[in-house]
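Engineer: Contents are CSV, N, CA and C atoms; file name upload_34.csv:
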chain,number,residue,atom,x,y,z
A,77,MET,N,8.3,11.4,12.2
A,77,MET,CA,7.4,10.8,11.1
A,77,MET,C,6.2,10.2,11.8
A,78,ASN,N,5.0,10.6,11.3
A,78,ASN,CA,3.8,10.1,11.9
A,78,ASN,C,3.5,8.7,11.4
A,79,LEU,N,2.4,8.1,12.0
A,79,LEU,CA,2.1,6.7,11.7
A,79,LEU,C,1.7,6.5,10.2
A,80,ASN,N,0.9,7.4,9.7
A,80,ASN,CA,0.5,7.3,8.3
A,80,ASN,C,1.7,7.3,7.3
A,81,GLU,N,2.6,8.2,7.6
A,81,GLU,CA,3.8,8.2,6.7
A,81,GLU,C,4.7,7.0,6.9
A,82,THR,N,4.7,6.4,8.1
A,82,THR,CA,5.5,5.2,8.3
A,82,THR,C,4.8,4.0,7.5
A,83,LEU,N,3.4,4.0,7.6
A,83,LEU,CA,2.7,3.0,6.9
A,83,LEU,C,3.0,3.0,5.4
A,84,ALA,N,2.9,4.3,4.8
A,84,ALA,CA,3.2,4.4,3.4
A,84,ALA,C,4.6,4.0,3.0
A,85,ASP,N,5.6,4.4,3.9
A,85,ASP,CA,7.0,4.0,3.6
A,85,ASP,C,7.2,2.5,3.6
A,86,THR,N,6.6,1.8,4.6
A,86,THR,CA,6.7,0.4,4.7
A,86,THR,C,6.0,-0.3,3.5
A,87,PHE,N,4.9,0.3,3.1
A,87,PHE,CA,4.2,-0.2,1.9
A,87,PHE,C,5.1,-0.1,0.6
A,88,ARG,N,5.7,1.0,0.5
A,88,ARG,CA,6.6,1.2,-0.7
A,88,ARG,C,7.8,0.3,-0.6
A,89,LEU,N,8.4,0.1,0.6
A,89,LEU,CA,9.5,-0.8,0.7
A,89,LEU,C,9.1,-2.3,0.3
A,90,ALA,N,7.9,-2.7,0.7
A,90,ALA,CA,7.5,-4.0,0.4
A,90,ALA,C,7.1,-4.1,-1.1
A,91,LYS,N,6.6,-3.1,-1.6
A,91,LYS,CA,6.2,-3.1,-3.1
A,91,LYS,C,7.4,-3.1,-4.0
A,92,TRP,N,8.4,-2.3,-3.7
A,92,TRP,CA,9.5,-2.1,-4.5
A,92,TRP,C,10.8,-2.8,-3.9
A,93,TYR,N,10.6,-3.9,-3.3
A,93,TYR,CA,11.7,-4.6,-2.5
A,93,TYR,C,12.9,-4.9,-3.4
A,94,GLU,N,12.7,-5.3,-4.7
A,94,GLU,CA,13.8,-5.7,-5.6
A,94,GLU,C,14.7,-4.5,-5.8
A,95,THR,N,14.2,-3.3,-5.8
A,95,THR,CA,15.0,-2.1,-6.1
A,95,THR,C,15.2,-1.3,-4.8
A,96,GLU,N,15.1,-1.9,-3.6
A,96,GLU,CA,15.3,-1.2,-2.4
A,96,GLU,C,14.5,0.1,-2.2
A,97,GLY,N,13.2,0.0,-2.6
A,97,GLY,CA,12.3,1.1,-2.4
A,97,GLY,C,12.2,2.1,-3.6
A,98,ARG,N,12.9,1.9,-4.6
A,98,ARG,CA,12.8,2.8,-5.8
A,98,ARG,C,11.8,2.2,-6.7
A,99,PRO,N,10.8,3.0,-7.2
A,99,PRO,CA,9.8,2.5,-8.1
A,99,PRO,C,10.4,2.2,-9.5
A,100,VAL,N,9.8,1.2,-10.1
A,100,VAL,CA,10.2,0.8,-11.5
A,100,VAL,C,8.9,0.6,-12.3
A,101,CYS,N,8.9,1.1,-13.5
A,101,CYS,CA,7.7,0.9,-14.4
A,101,CYS,C,7.4,-0.6,-14.6
A,102,PRO,N,6.1,-1.0,-14.3
A,102,PRO,CA,5.8,-2.4,-14.5
A,102,PRO,C,5.7,-2.9,-15.9
A,103,TRP,N,5.7,-1.9,-16.9
A,103,TRP,CA,5.6,-2.3,-18.3
A,103,TRP,C,6.9,-2.4,-19.0
A,104,CYS,N,7.7,-1.3,-18.9
A,104,CYS,CA,9.0,-1.3,-19.6
A,104,CYS,C,10.2,-1.5,-18.6
A,105,PHE,N,9.9,-1.6,-17.3
A,105,PHE,CA,10.9,-1.9,-16.3
A,105,PHE,C,12.0,-0.8,-16.2
A,106,ASP,N,11.7,0.4,-16.6
A,106,ASP,CA,12.6,1.5,-16.5
A,106,ASP,C,12.3,2.2,-15.1
A,107,GLY,N,13.4,2.5,-14.4
A,107,GLY,CA,13.2,3.2,-13.1
A,107,GLY,C,13.9,4.5,-13.1
A,108,GLU,N,14.5,4.9,-14.2
A,108,GLU,CA,15.3,6.1,-14.3
A,108,GLU,C,14.5,7.3,-14.8
A,109,ASP,N,13.5,7.0,-15.7
A,109,ASP,CA,12.8,8.1,-16.4
A,109,ASP,C,11.4,8.3,-15.8
A,110,LEU,N,11.2,8.2,-14.5
A,110,LEU,CA,9.9,8.4,-13.9
A,110,LEU,C,9.7,9.8,-13.4
A,111,ARG,N,8.5,10.2,-13.5
A,111,ARG,CA,8.1,11.6,-13.0
A,111,ARG,C,6.9,11.4,-12.1
A,112,PRO,N,6.7,12.3,-11.2
A,112,PRO,CA,5.5,12.3,-10.3
A,112,PRO,C,4.2,12.2,-11.2
A,113,GLY,N,3.2,11.5,-10.7
A,113,GLY,CA,1.9,11.3,-11.4
A,113,GLY,C,1.2,12.6,-11.4
A,114,PHE,N,0.1,12.7,-12.1
A,114,PHE,CA,-0.7,13.9,-12.3
A,114,PHE,C,-1.7,14.1,-11.1
A,115,LYS,N,-2.2,13.0,-10.6
A,115,LYS,CA,-3.2,13.2,-9.5
A,115,LYS,C,-2.9,12.2,-8.4
A,116,PRO,N,-3.1,12.6,-7.2
A,116,PRO,CA,-2.8,11.7,-6.0
A,116,PRO,C,-3.9,10.7,-5.9
A,117,LEU,N,-3.7,9.7,-5.1
A,117,LEU,CA,-4.7,8.7,-4.8
A,117,LEU,C,-5.7,9.2,-3.8
A,118,LYS,N,-7.0,9.1,-4.0
A,118,LYS,CA,-7.9,9.8,-3.2
A,118,LYS,C,-7.9,9.2,-1.8
A,119,ARG,N,-8.0,7.9,-1.6
A,119,ARG,CA,-8.1,7.3,-0.3
A,119,ARG,C,-6.7,7.1,0.4
A,120,ASN,N,-5.7,7.1,-0.4
A,120,ASN,CA,-4.3,6.9,0.1
A,120,ASN,C,-3.4,8.0,-0.4
A,121,PRO,N,-3.6,9.3,0.1
A,121,PRO,CA,-2.8,10.4,-0.5
A,121,PRO,C,-1.3,10.3,-0.3
A,122,LEU,N,-0.8,9.5,0.7
A,122,LEU,CA,0.6,9.4,1.0
A,122,LEU,C,1.3,8.4,0.0
A,123,LEU,N,0.5,7.5,-0.6
A,123,LEU,CA,1.1,6.7,-1.7
A,123,LEU,C,1.2,7.5,-2.9
A,124,ARG,N,2.2,7.1,-3.7
A,124,ARG,CA,2.5,8.0,-4.9
A,124,ARG,C,2.0,7.4,-6.2
A,125,THR,N,1.8,8.3,-7.2
A,125,THR,CA,1.5,7.9,-8.5
A,125,THR,C,2.8,8.3,-9.4
A,126,TYR,N,3.0,7.6,-10.4
A,126,TYR,CA,4.2,7.9,-11.3
A,126,TYR,C,3.8,7.9,-12.7
A,127,TRP,N,4.6,8.6,-13.5
A,127,TRP,CA,4.4,8.6,-15.0
A,127,TRP,C,5.7,8.2,-15.6
A,128,CYS,N,5.7,7.2,-16.4
A,128,CYS,CA,6.9,6.7,-17.0
A,128,CYS,C,7.0,7.4,-18.4
A,129,ARG,N,8.1,8.1,-18.6
A,129,ARG,CA,8.3,8.9,-19.8
A,129,ARG,C,8.7,8.0,-21.0
A,130,CYS,N,9.3,6.8,-20.6
A,130,CYS,CA,9.7,5.9,-21.7
A,130,CYS,C,8.5,5.3,-22.4
A,131,CYS,N,7.5,4.8,-21.7
A,131,CYS,CA,6.4,4.1,-22.3
A,131,CYS,C,5.1,4.9,-22.2
A,132,ASP,N,5.2,6.1,-21.6
A,132,ASP,CA,4.1,7.0,-21.5
A,132,ASP,C,2.9,6.4,-20.8
A,133,ARG,N,3.1,5.7,-19.7
A,133,ARG,CA,2.0,5.1,-18.9
A,133,ARG,C,2.1,5.6,-17.4
A,134,CYS,N,1.0,5.6,-16.8
A,134,CYS,CA,0.9,6.0,-15.4
A,134,CYS,C,0.7,4.7,-14.5
A,135,PHE,N,1.2,4.7,-13.3
A,135,PHE,CA,0.9,3.7,-12.4
A,135,PHE,C,1.1,4.2,-11.0
A,136,SER,N,0.7,3.5,-10.0
A,136,SER,CA,0.9,3.9,-8.6
A,136,SER,C,1.6,2.8,-7.8
A,137,ASP,N,1.8,3.2,-6.5
A,137,ASP,CA,2.4,2.2,-5.6
A,137,ASP,C,1.5,1.0,-5.4
A,138,LEU,N,0.2,1.2,-5.6
A,138,LEU,CA,-0.8,0.1,-5.4
A,138,LEU,C,-0.8,-0.9,-6.5
A,139,TYR,N,-0.3,-0.5,-7.7
A,139,TYR,CA,-0.4,-1.3,-8.9
A,139,TYR,C,0.3,-2.7,-8.7
A,140,GLY,N,-0.5,-3.7,-9.0
A,140,GLY,CA,0.1,-5.1,-8.9
A,140,GLY,C,0.0,-5.7,-7.5
A,141,THR,N,-0.6,-5.0,-6.6
A,141,THR,CA,-0.8,-5.6,-5.2
A,141,THR,C,-2.2,-6.1,-5.1
A,142,PRO,N,-2.5,-6.9,-4.1
A,142,PRO,CA,-3.8,-7.4,-3.9
A,142,PRO,C,-4.8,-6.4,-3.5
A,143,ILE,N,-4.4,-5.2,-3.1
A,143,ILE,CA,-5.3,-4.2,-2.7
A,143,ILE,C,-5.4,-3.0,-3.7
A,144,GLU,N,-5.0,-3.3,-4.9
A,144,GLU,CA,-5.0,-2.1,-5.9
A,144,GLU,C,-6.3,-1.6,-6.3
A,145,ASN,N,-7.4,-2.4,-6.4
A,145,ASN,CA,-8.7,-1.9,-6.9
A,145,ASN,C,-9.7,-1.8,-5.8
A,146,THR,N,-9.3,-1.3,-4.7
A,146,THR,CA,-10.2,-1.2,-3.6
A,146,THR,C,-10.3,0.3,-3.2
A,147,SER,N,-11.4,0.7,-2.5
A,147,SER,CA,-11.5,2.0,-2.0
A,147,SER,C,-11.2,2.1,-0.5
A,148,VAL,N,-10.7,1.0,0.0
A,148,VAL,CA,-10.4,1.0,1.4
A,148,VAL,C,-9.1,1.7,1.7
A,149,PRO,N,-9.1,2.6,2.7
A,149,PRO,CA,-7.8,3.3,3.0
A,149,PRO,C,-6.7,2.3,3.5
A,150,LEU,N,-5.5,2.8,3.4
A,150,LEU,CA,-4.3,2.0,3.7
A,150,LEU,C,-4.3,1.6,5.2
A,151,HIS,N,-4.7,2.5,6.1
A,151,HIS,CA,-4.7,2.3,7.5
A,151,HIS,C,-5.7,1.2,7.9
A,152,VAL,N,-6.8,1.0,7.2
A,152,VAL,CA,-7.7,0.0,7.4
A,152,VAL,C,-7.1,-1.4,7.0
A,153,TRP,N,-6.4,-1.4,5.8
A,153,TRP,CA,-5.8,-2.6,5.4
A,153,TRP,C,-4.8,-3.1,6.4
A,154,VAL,N,-4.1,-2.2,7.0
A,154,VAL,CA,-3.1,-2.6,8.0
A,154,VAL,C,-3.8,-3.3,9.2
A,155,LEU,N,-4.9,-2.8,9.6
A,155,LEU,CA,-5.7,-3.5,10.7
A,155,LEU,C,-6.1,-4.9,10.3
A,156,VAL,N,-6.4,-5.1,9.0
A,156,VAL,CA,-6.8,-6.4,8.6
A,156,VAL,C,-5.6,-7.3,8.5
A,157,VAL,N,-4.5,-6.8,7.9
A,157,VAL,CA,-3.3,-7.6,7.7
A,157,VAL,C,-2.7,-8.0,9.1
A,158,LEU,N,-2.7,-7.1,10.1
A,158,LEU,CA,-2.2,-7.4,11.4
A,158,LEU,C,-3.2,-8.0,12.3
A,159,ASP,N,-4.5,-8.1,11.9
A,159,ASP,CA,-5.6,-8.7,12.6
A,159,ASP,C,-5.8,-8.0,13.9
A,160,VAL,N,-5.9,-6.6,13.8
A,160,VAL,CA,-6.1,-5.8,15.0
A,160,VAL,C,-7.6,-5.4,15.0
A,161,PRO,N,-8.3,-5.5,16.1
A,161,PRO,CA,-9.7,-5.1,16.2
A,161,PRO,C,-9.9,-3.7,15.7
A,162,MET,N,-11.0,-3.5,15.0
A,162,MET,CA,-11.4,-2.2,14.4
A,162,MET,C,-12.2,-1.4,15.4
A,163,THR,N,-12.0,-0.1,15.4
A,163,THR,CA,-12.8,0.9,16.2
A,163,THR,C,-14.1,1.2,15.6
A,164,LYS,N,-14.9,2.0,16.2
A,164,LYS,CA,-16.2,2.4,15.7
A,164,LYS,C,-16.0,3.2,14.4
A,165,GLU,N,-14.9,4.0,14.3
A,165,GLU,CA,-14.7,4.8,13.1
A,165,GLU,C,-14.5,3.9,11.9
A,166,GLN,N,-13.9,2.8,12.1
A,166,GLN,CA,-13.7,1.9,10.9
A,166,GLN,C,-14.8,0.9,10.8
A,167,SER,N,-15.9,1.0,11.5
A,167,SER,CA,-16.9,0.0,11.5
A,167,SER,C,-17.6,-0.1,10.1
A,168,GLN,N,-17.5,0.9,9.3
A,168,GLN,CA,-18.1,0.7,8.0
A,168,GLN,C,-17.4,-0.4,7.1
A,169,PHE,N,-16.1,-0.7,7.5
A,169,PHE,CA,-15.4,-1.8,6.8
A,169,PHE,C,-15.5,-3.1,7.5
A,170,ARG,N,-16.1,-3.2,8.7
A,170,ARG,CA,-16.2,-4.5,9.4
A,170,ARG,C,-16.9,-5.5,8.6
A,171,HIS,N,-18.0,-5.2,8.0
A,171,HIS,CA,-18.8,-6.1,7.3
A,171,HIS,C,-18.1,-6.8,6.1
A,172,ASN,N,-17.0,-6.1,5.6
A,172,ASN,CA,-16.3,-6.7,4.5
A,172,ASN,C,-14.9,-7.3,4.9
A,173,ARG,N,-14.7,-7.4,6.2
A,173,ARG,CA,-13.4,-7.9,6.7
A,173,ARG,C,-13.1,-9.3,6.2
A,174,TYR,N,-14.1,-10.2,6.1
A,174,TYR,CA,-13.8,-11.5,5.6
A,174,TYR,C,-13.4,-11.5,4.2
A,175,GLY,N,-14.0,-10.7,3.4
A,175,GLY,CA,-13.7,-10.5,2.0
A,175,GLY,C,-12.3,-9.9,1.8
A,176,MET,N,-11.9,-9.0,2.7
A,176,MET,CA,-10.6,-8.4,2.7
A,176,MET,C,-9.5,-9.5,3.0
A,177,ARG,N,-9.8,-10.3,4.0
A,177,ARG,CA,-8.8,-11.3,4.4
A,177,ARG,C,-8.7,-12.3,3.3
A,178,LYS,N,-9.8,-12.7,2.7
A,178,LYS,CA,-9.7,-13.6,1.5
A,178,LYS,C,-8.9,-13.1,0.4
A,179,ARG,N,-9.0,-11.8,0.2
A,179,ARG,CA,-8.2,-11.2,-0.9
A,179,ARG,C,-6.7,-11.2,-0.7
A,180,ILE,N,-6.3,-11.1,0.5
A,180,ILE,CA,-4.9,-11.0,0.8
A,180,ILE,C,-4.3,-12.4,1.2
A,181,LYS,N,-5.1,-13.4,1.3
A,181,LYS,CA,-4.6,-14.7,1.8
A,181,LYS,C,-3.5,-15.2,0.8
A,182,ASP,N,-2.4,-15.7,1.4
A,182,ASP,CA,-1.3,-16.3,0.7
A,182,ASP,C,-0.6,-15.4,-0.3
A,183,SER,N,-0.7,-14.1,-0.1
A,183,SER,CA,0.0,-13.2,-1.0
A,183,SER,C,1.4,-12.9,-0.5
A,184,PRO,N,2.4,-13.1,-1.5
A,184,PRO,CA,3.8,-12.8,-1.1
A,184,PRO,C,4.0,-11.4,-0.7
A,185,PHE,N,3.3,-10.5,-1.4
A,185,PHE,CA,3.4,-9.1,-1.1
A,185,PHE,C,3.0,-8.8,0.3
A,186,ILE,N,1.9,-9.3,0.8
A,186,ILE,CA,1.4,-9.1,2.1
A,186,ILE,C,2.5,-9.6,3.2
A,187,ALA,N,3.1,-10.8,2.9
A,187,ALA,CA,4.1,-11.3,3.8
A,187,ALA,C,5.3,-10.3,3.9
A,188,ARG,N,5.7,-9.8,2.7
A,188,ARG,CA,6.8,-8.8,2.7
A,188,ARG,C,6.4,-7.5,3.5
A,189,TRP,N,5.2,-7.1,3.3
A,189,TRP,CA,4.7,-5.9,4.0
A,189,TRP,C,4.6,-6.1,5.5
A,190,LYS,N,4.2,-7.3,5.9
A,190,LYS,CA,4.1,-7.6,7.4
A,190,LYS,C,5.6,-7.6,7.9
A,191,ALA,N,6.5,-8.1,7.2
A,191,ALA,CA,7.9,-8.1,7.6
A,191,ALA,C,8.4,-6.7,7.8
A,192,GLU,N,8.1,-5.8,6.8
A,192,GLU,CA,8.6,-4.4,6.9
A,192,GLU,C,7.9,-3.7,8.1
A,193,MET,N,6.7,-4.0,8.3
A,193,MET,CA,6.0,-3.4,9.4
A,193,MET,C,6.6,-3.9,10.8
A,194,GLY,N,7.0,-5.1,10.8
A,194,GLY,CA,7.6,-5.7,12.0
A,194,GLY,C,9.0,-5.0,12.3
A,195,LYS,N,9.7,-4.6,11.3
A,195,LYS,CA,11.0,-4.0,11.4
A,195,LYS,C,10.8,-2.6,12.0
A,196,THR,N,9.7,-1.9,11.7
A,196,THR,CA,9.5,-0.5,12.2
A,196,THR,C,8.7,-0.5,13.5
A,197,GLY,N,8.2,-1.6,14.0
A,197,GLY,CA,7.5,-1.6,15.2
A,197,GLY,C,6.1,-1.0,15.1
A,198,ILE,N,5.5,-1.1,14.0
A,198,ILE,CA,4.1,-0.5,13.8
A,198,ILE,C,3.1,-1.1,14.8
A,199,GLN,N,3.2,-2.4,15.1
A,199,GLN,CA,2.2,-3.1,15.9
A,199,GLN,C,2.2,-2.4,17.3
A,200,THR,N,3.3,-2.0,17.8
A,200,THR,CA,3.3,-1.4,19.1
A,200,THR,C,2.8,0.1,19.0
A,201,ARG,N,3.1,0.7,17.9
A,201,ARG,CA,2.6,2.1,17.7
A,201,ARG,C,1.1,2.1,17.5
A,202,LEU,N,0.5,1.0,16.9
A,202,LEU,CA,-0.9,0.9,16.7
A,202,LEU,C,-1.6,0.7,18.0
A,203,LYS,N,-1.0,0.0,19.0
A,203,LYS,CA,-1.7,-0.2,20.3
A,203,LYS,C,-1.9,1.2,21.0
A,204,GLY,N,-1.1,2.1,20.8
A,204,GLY,CA,-1.3,3.4,21.4
A,204,GLY,C,-2.3,4.2,20.7
A,205,VAL,N,-2.6,4.0,19.4
A,205,VAL,CA,-3.6,4.7,18.7
A,205,VAL,C,-5.0,4.2,18.8
A,206,ILE,N,-5.1,2.8,18.8
A,206,ILE,CA,-6.4,2.2,18.8
A,206,ILE,C,-6.8,1.8,20.2
Starting from the file, give its structure as structure tokens.
Structural biologist:
Amino acid sequence: MNLNETLADTFRLAKWYETEGRPVCPWCFDGEDLRPGFKPLKRNPLLRTYWCRCCDRCFSDLYGTPIENTSVPLHVWVLVVLDVPMTKEQSQFRHNRYGMRKRIKDSPFIARWKAEMGKTGIQTRLKGVI
């Protein structure tokens, strides 16, 4: 499993922690009648979208998290959450790093995500990449 897949898996585990990684519709709370969504997320293709057949609504893994309405890719958010220095490739996001930190400050979701990343040893794997 590559690093991006591991990041997406830990994100899903932190997001859907109450159901042990299984997604649940945020509107009708049904988790049995979900289908894959119609279009993937552009910036985060490994995160999934879902369509609930009970209430006929679509949602994604990002829905309800502090990073849901951003165009910043997941791997850059990981660098901000873990406070890892950014490389030149991510320099376009450096100017917004303060705003990104402010957005995730004191978020229970981010704390759960950090814990899931700690279990998988992502910090040590990131050192080899960056």
Engineer: Taking the point (-6.0, 6.6, 1.2) as given in the file, collect each protein or nucleic acid residue that comes within 10 Å of it, counting only C-alpha atoms, and present the set as a PyMOL selection string.
Structural biologist: chain A and resi 80+84+116-123+147-152
Engineer: Provide the atom N of A:Thr196 to atom N of A:Trp153 distance in Å, to one decimal place.
Structural biologist: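 Computing the Euclidean distance for atom N of A:Thr196 and atom N of A:Trp153 yields 17.2 Å.
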Engineer: Can you pull out the residues contacting stretch 143-146 of chain A? Cut-off 8 Å, using all atoms listed in the file, and skip same-chain residues under 5 positions away; I want them as a list in words.
Structural biologist: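 So the residues in contact are Arg119, Asp137, Leu138, Arg179 and Ile180 of chain A.
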Engineer: Would you kindly return, as a ChimeraX atom specification, each protein, DNA or RNA residue with an atom no farther than 8 Å from any atom of A:Cys101, considering all atoms listed in the file and excluding same-chain residues fewer than 6 positions away?
Structural biologist: /A:107-110,127-128,133-135
Engineer: Can you measure atom C of A:Tyr126 to atom N of A:Phe114 for me? One decimal in Å is fine.
Structural biologist: 6.1 Å
Engineer: Which is closer to A:Arg173 than all the others in A:Leu79, A:Ile186, A:Val156, A:Cys130, using all atoms listed in the file?
Structural biologist: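 The closest residue to A:Arg173 is A:Val156.
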Engineer: Would you mind telling me which residue in A:Lys91, A:Arg129, A:Arg124, A:Arg111 lies nearest to A:Pro142 when using only C-alpha atoms?
Structural biologist: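 Among the listed residues, A:Lys91 lies closest to A:Pro142.
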Engineer: Work out how far atom CA of A:Lys195 is from atom CA of A:Asp159, in Å to one decimal.
Structural biologist: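 Between these atoms lies a distance of 17.3 Å.
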Engineer: Of the candidates A:Gly140, A:Val157, A:Met176, A:Asp85, which one gets nearest to A:Gly97 if we count only N, CA and C atoms?
Structural biologist: A:Asp85
Engineer: Give the strand (DSSP E or B) residues of stretch 114-143 of chain A, as assigned by DSSP on the backbone, as a list in words.
Structural biologist: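 Restricting stretch 114-143 of chain A to strand (DSSP E or B) produces Thr125, Tyr126, Trp127, Cys128, Arg133, Cys134, Phe135 and Ser136 of chain A.
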Engineer: Output N, CA and C atoms for every residue in that selection, as an mmCIF file, in the coordinates of the input.
Structural biologist:
data_model
loop_
_atom_site.group_PDB
_atom_site.id
_atom_site.type_symbol
_atom_site.label_atom_id
_atom_site.label_comp_id
_atom_site.auth_asym_id
_atom_site.auth_seq_id
_atom_site.Cartn_x
_atom_site.Cartn_y
_atom_site.Cartn_z
ATOM 1 N N THR A 125 1.800 8.300 -7.200
ATOM 2 C CA THR A 125 1.500 7.900 -8.500
ATOM 3 C C THR A 125 2.800 8.300 -9.400
ATOM 4 N N TYR A 126 3.000 7.600 -10.400
ATOM 5 C CA TYR A 126 4.200 7.900 -11.300
ATOM 6 C C TYR A 126 3.800 7.900 -12.700
ATOM 7 N N TRP A 127 4.600 8.600 -13.500
ATOM 8 C CA TRP A 127 4.400 8.600 -15.000
ATOM 9 C C TRP A 127 5.700 8.200 -15.600
ATOM 10 N N CYS A 128 5.700 7.200 -16.400
ATOM 11 C CA CYS A 128 6.900 6.700 -17.000
ATOM 12 C C CYS A 128 7.000 7.400 -18.400
ATOM 13 N N ARG A 133 3.100 5.700 -19.700
ATOM 14 C CA ARG A 133 2.000 5.100 -18.900
ATOM 15 C C ARG A 133 2.100 5.600 -17.400
ATOM 16 N N CYS A 134 1.000 5.600 -16.800
ATOM 17 C CA CYS A 134 0.900 6.000 -15.400
ATOM 18 C C CYS A 134 0.700 4.700 -14.500
ATOM 19 N N PHE A 135 1.200 4.700 -13.300
ATOM 20 C CA PHE A 135 0.900 3.700 -12.400
ATOM 21 C C PHE A 135 1.100 4.200 -11.000
ATOM 22 N N SER A 136 0.700 3.500 -10.000
ATOM 23 C CA SER A 136 0.900 3.900 -8.600
ATOM 24 C C SER A 136 1.600 2.800 -7.800
#
Engineer: Here is a test: counting only C-alpha atoms, which residue of A:Ile198, A:Val100, A:Val154, A:Arg88 is nearest to A:Arg177?
Structural biologist: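 So, comparing all the options, the nearest one is A:Val154.
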Engineer: If you run DSSP on the backbone, which residues of chain A are helix (DSSP H, G or I), as a PyMOL selection string?
Structural biologist: chain A and resi 79-91+93-95+150-157+164-180+184-196+198-205
Engineer: Please fill the gaps in stretch 97-109 of chain A so it has N, CA, C and O atoms, and write that as an mmCIF file, in the coordinates of the input.
Structural biologist:
data_model
loop_
_atom_site.group_PDB
_atom_site.id
_atom_site.type_symbol
_atom_site.label_atom_id
_atom_site.label_comp_id
_atom_site.auth_asym_id
_atom_site.auth_seq_id
_atom_site.Cartn_x
_atom_site.Cartn_y
_atom_site.Cartn_z
ATOM 1 N N GLY A 97 13.200 0.000 -2.600
ATOM 2 C CA GLY A 97 12.300 1.100 -2.400
ATOM 3 C C GLY A 97 12.200 2.100 -3.600
ATOM 4 O O GLY A 97 11.349 3.008 -3.503
ATOM 5 N N ARG A 98 12.900 1.900 -4.600
ATOM 6 C CA ARG A 98 12.800 2.800 -5.800
ATOM 7 C C ARG A 98 11.800 2.200 -6.700
ATOM 8 O O ARG A 98 11.897 1.034 -7.117
ATOM 9 N N PRO A 99 10.800 3.000 -7.200
ATOM 10 C CA PRO A 99 9.800 2.500 -8.100
ATOM 11 C C PRO A 99 10.400 2.200 -9.500
ATOM 12 O O PRO A 99 11.336 2.826 -9.932
ATOM 13 N N VAL A 100 9.800 1.200 -10.100
ATOM 14 C CA VAL A 100 10.200 0.800 -11.500
ATOM 15 C C VAL A 100 8.900 0.600 -12.300
ATOM 16 O O VAL A 100 7.893 0.065 -11.779
ATOM 17 N N CYS A 101 8.900 1.100 -13.500
ATOM 18 C CA CYS A 101 7.700 0.900 -14.400
ATOM 19 C C CYS A 101 7.400 -0.600 -14.600
ATOM 20 O O CYS A 101 8.250 -1.345 -14.964
ATOM 21 N N PRO A 102 6.100 -1.000 -14.300
ATOM 22 C CA PRO A 102 5.800 -2.400 -14.500
ATOM 23 C C PRO A 102 5.700 -2.900 -15.900
ATOM 24 O O PRO A 102 5.601 -4.055 -16.173
ATOM 25 N N TRP A 103 5.700 -1.900 -16.900
ATOM 26 C CA TRP A 103 5.600 -2.300 -18.300
ATOM 27 C C TRP A 103 6.900 -2.400 -19.000
ATOM 28 O O TRP A 103 7.234 -3.313 -19.652
ATOM 29 N N CYS A 104 7.700 -1.300 -18.900
ATOM 30 C CA CYS A 104 9.000 -1.300 -19.600
ATOM 31 C C CYS A 104 10.200 -1.500 -18.600
ATOM 32 O O CYS A 104 11.311 -1.560 -19.072
ATOM 33 N N PHE A 105 9.900 -1.600 -17.300
ATOM 34 C CA PHE A 105 10.900 -1.900 -16.300
ATOM 35 C C PHE A 105 12.000 -0.800 -16.200
ATOM 36 O O PHE A 105 13.136 -1.092 -15.823
ATOM 37 N N ASP A 106 11.700 0.400 -16.600
ATOM 38 C CA ASP A 106 12.600 1.500 -16.500
ATOM 39 C C ASP A 106 12.300 2.200 -15.100
ATOM 40 O O ASP A 106 11.203 2.495 -14.773
ATOM 41 N N GLY A 107 13.400 2.500 -14.400
ATOM 42 C CA GLY A 107 13.200 3.200 -13.100
ATOM 43 C C GLY A 107 13.900 4.500 -13.100
ATOM 44 O O GLY A 107 13.855 5.279 -12.164
ATOM 45 N N GLU A 108 14.500 4.900 -14.200
ATOM 46 C CA GLU A 108 15.300 6.100 -14.300
ATOM 47 C C GLU A 108 14.500 7.300 -14.800
ATOM 48 O O GLU A 108 14.794 8.444 -14.471
ATOM 49 N N ASP A 109 13.500 7.000 -15.700
ATOM 50 C CA ASP A 109 12.800 8.100 -16.400
ATOM 51 C C ASP A 109 11.400 8.300 -15.800
ATOM 52 O O ASP A 109 10.476 8.462 -16.589
#
